[in-house]
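Chemist: Sharing a structure below in structure tokens format, with a few things to ask.
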Amino acid sequence: MRFCRVDKGTNYLGNKLPKAFWGWFTESKPETGMLHHATLASGDESIYGTARKPMLPPTSSQVEVHVKQVLPTHENVVALIEKLNQYQIALYGRQMCTLEPPEILEKNQAFMVGAFVNETLVGIGAVKLLDGYAEVKRMYVEENYRGLSIAGKILQALEAYAKQQHVKMICLETGNQHFSALKLYKKSGYQEVEIFGDYKPNQISIFLGKTL
């Protein structure tokens, strides 16, 4: 038995499944939607229509996440970067966003990692080594996988790399509407710092830093 996510499908009895849900599966192939036994994690009915006690949403201990280095220009990474771009533009407008493209990340030798669930890329993050400090860039987790501590795992991997490079200070810039991100950063020990690098003063940017 394993706990995993299904995007869509129909079970072998012909019952239509929700568009996306988490559940416990036995004798199943989640990628095909052909499920023999499953209990939904997000509601009070199984796929057979039998009322069951509701299950809690998945936790980080139930979802196995692997974080490893990826190339900024890999097509799957590029797709997530574009989703991040659109998310930021929707919040702040294009002129207020610093949207560093994959090619520039690669040119600047940014170290980038991806978070994988069942071999599917669901999150990304990068760190650039600069003059006397490192900067976290392009942090993003797919909406359906948020709340599972994936961003925290990505951030830890980036910090570990910076430490290996003997960097003493790690910084980042984020927006004042990124409430979940701000909560994560402050929980991880980041504090507000003075503006750094090539950033210009504006009304939305928040600058954070942490001593490694």
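Scheme for the structure tokens: letters A, B, ... for chains in order shown; per-chain residue numbers from 1; ligand numbers from 1 in order shown.
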When you look at A:Glu135 with a cut-off of 6 Å (counting only C-alpha atoms), what residues show up, excluding the ones that are within fewer than 2 positions of it in the same chain? I need them as a PyMOL selection string.

Modeler: chain A and resi 127-128+170-172

Chemist: Could you give me, as a PyMOL selection string, the residues within 8 Å of A:Leu71, counting only C-alpha atoms and dropping anything in the same chain fewer than 4 positions from it?

Modeler: chain A and resi 77+106+112-113

Chemist: Would you please work out which residue, of A:Asn144, A:Thr98, A:Gln88, A:Gln191, is nearest to A:Val117 when using only C-alpha atoms?

Modeler: A:Asn144

Chemist: Using only C-alpha atoms, find the one residue out of A:Leu212, A:Val136, A:Val122, A:Ala160 that sits nearest to A:Ala79.

Modeler: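 Closest residue, counting only C-alpha atoms: A:Val122.
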
Chemist: Rounded to one decimal, what separation in Å do you get between atom CA of A:Lys68 and atom CA of A:Lys210?

Modeler: 22.5 Å

Chemist: From stretch 82-145 of chain A, collect each residue whose DSSP state is alpha helix (DSSP H) and return the set as a list in words.

Modeler: Glu82, Lys83, Leu84, Asn85, Gln86, Tyr87, Gln88, Ile89, Ala90, Leu91, Tyr92, Pro102, Glu103, Ile104, Leu105, Glu106 and Lys107 of chain A

Chemist: Generate the output file for the selected residues, C-alpha atoms, as an mmCIF file, in the first residue's frame.

Modeler:
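The result, written out as part.cif:
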```
data_model
loop_
_atom_site.group_PDB
_atom_site.id
_atom_site.type_symbol
_atom_site.label_atom_id
_atom_site.label_comp_id
_atom_site.auth_asym_id
_atom_site.auth_seq_id
_atom_site.Cartn_x
_atom_site.Cartn_y
_atom_site.Cartn_z
ATOM 1 C CA GLU A 82 7.569 29.895 -16.805
ATOM 2 C CA LYS A 83 4.833 29.045 -14.286
ATOM 3 C CA LEU A 84 6.757 31.010 -11.671
ATOM 4 C CA ASN A 85 7.062 33.947 -14.068
ATOM 5 C CA GLN A 86 3.329 34.023 -14.713
ATOM 6 C CA TYR A 87 2.591 33.731 -10.987
ATOM 7 C CA GLN A 88 4.823 36.694 -10.175
ATOM 8 C CA ILE A 89 3.524 38.812 -13.054
ATOM 9 C CA ALA A 90 -0.054 38.205 -11.906
ATOM 10 C CA LEU A 91 0.843 39.456 -8.424
ATOM 11 C CA TYR A 92 3.075 42.421 -9.173
ATOM 12 C CA PRO A 102 17.124 29.796 -17.572
ATOM 13 C CA GLU A 103 19.904 30.750 -19.992
ATOM 14 C CA ILE A 104 21.194 33.472 -17.654
ATOM 15 C CA LEU A 105 21.047 31.141 -14.663
ATOM 16 C CA GLU A 106 23.136 28.655 -16.587
ATOM 17 C CA LYS A 107 25.544 31.319 -17.853
#
```

Chemist: Leaving out A:Glu192 and any residue of its chain fewer than 3 positions from it, which residues lie within 10 Å of it when counting only C-alpha atoms, given as a list in words?

Modeler: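 Near neighbours after the sequence-gap exclusion: Cys171, Leu172, Glu173, Lys186, Ile195, Ile206, Phe207, Leu208, Gly209 and Lys210 of chain A.
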
Chemist: Those residues you just picked out, can you put them in a file as a compact mmCIF listing (two decimals), in the first residue's frame with N, CA and C atoms?

Modeler:
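again_30.txt, written as the output of this step:
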```txt
# COMPACT_ATOMS: atom_id res chain seq x y z
N CYS A 171 21.45 35.32 0.88
CA CYS A 171 20.43 36.36 0.81
C CYS A 171 19.38 36.01 -0.24
N LEU A 172 18.30 36.75 -0.21
CA LEU A 172 17.26 36.57 -1.23
C LEU A 172 16.37 37.80 -1.26
N GLU A 173 15.70 37.96 -2.38
CA GLU A 173 14.69 39.00 -2.56
C GLU A 173 13.37 38.32 -2.86
N LYS A 186 11.38 33.08 7.27
CA LYS A 186 11.57 33.53 8.65
C LYS A 186 11.67 32.34 9.61
N ILE A 195 19.09 46.42 1.23
CA ILE A 195 19.05 46.10 -0.19
C ILE A 195 20.46 45.73 -0.66
N ILE A 206 11.11 42.62 -0.52
CA ILE A 206 11.60 42.40 0.84
C ILE A 206 12.92 41.64 0.72
N PHE A 207 13.95 42.14 1.38
CA PHE A 207 15.28 41.55 1.29
C PHE A 207 15.60 40.83 2.60
N LEU A 208 15.98 39.58 2.47
CA LEU A 208 16.23 38.74 3.63
C LEU A 208 17.62 38.12 3.54
N GLY A 209 18.18 37.80 4.69
CA GLY A 209 19.48 37.18 4.71
C GLY A 209 19.65 36.28 5.92
N LYS A 210 20.65 35.42 5.85
CA LYS A 210 20.92 34.46 6.93
C LYS A 210 22.41 34.15 6.95
```

Chemist: Find the distance between atom CA of A:Glu194 and atom CA of A:Gly114 and write it in Å to one decimal.

Modeler: 29.0 Å

Chemist: Using only C-alpha atoms, which residue out of A:His66, A:Lys153, A:Lys137, A:Lys163 lies closest to A:Thr120?

Modeler: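 So, comparing all the options, the nearest one is A:His66.
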
Chemist: Give me, please, the distance in Å between atom CA of A:Met169 and atom CA of A:Gln156, quoted to one decimal.

Modeler: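 According to the coordinates, atom CA of A:Met169 and atom CA of A:Gln156 are separated by 14.0 Å.
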
Chemist: Taking only C-alpha atoms into account, name the residue in A:Ile81, A:Val67, A:Met96, A:Ala181 that is nearest to A:Gly147.

Modeler: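 Of the candidates, the smallest distance to A:Gly147 is held by A:Ala181.
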
Chemist: My list of candidates is A:Ala151, A:Ile204, A:Leu158, A:Val78. Which is closest to A:Ala115 when distances are computed with only C-alpha atoms?

Modeler: A:Ala151
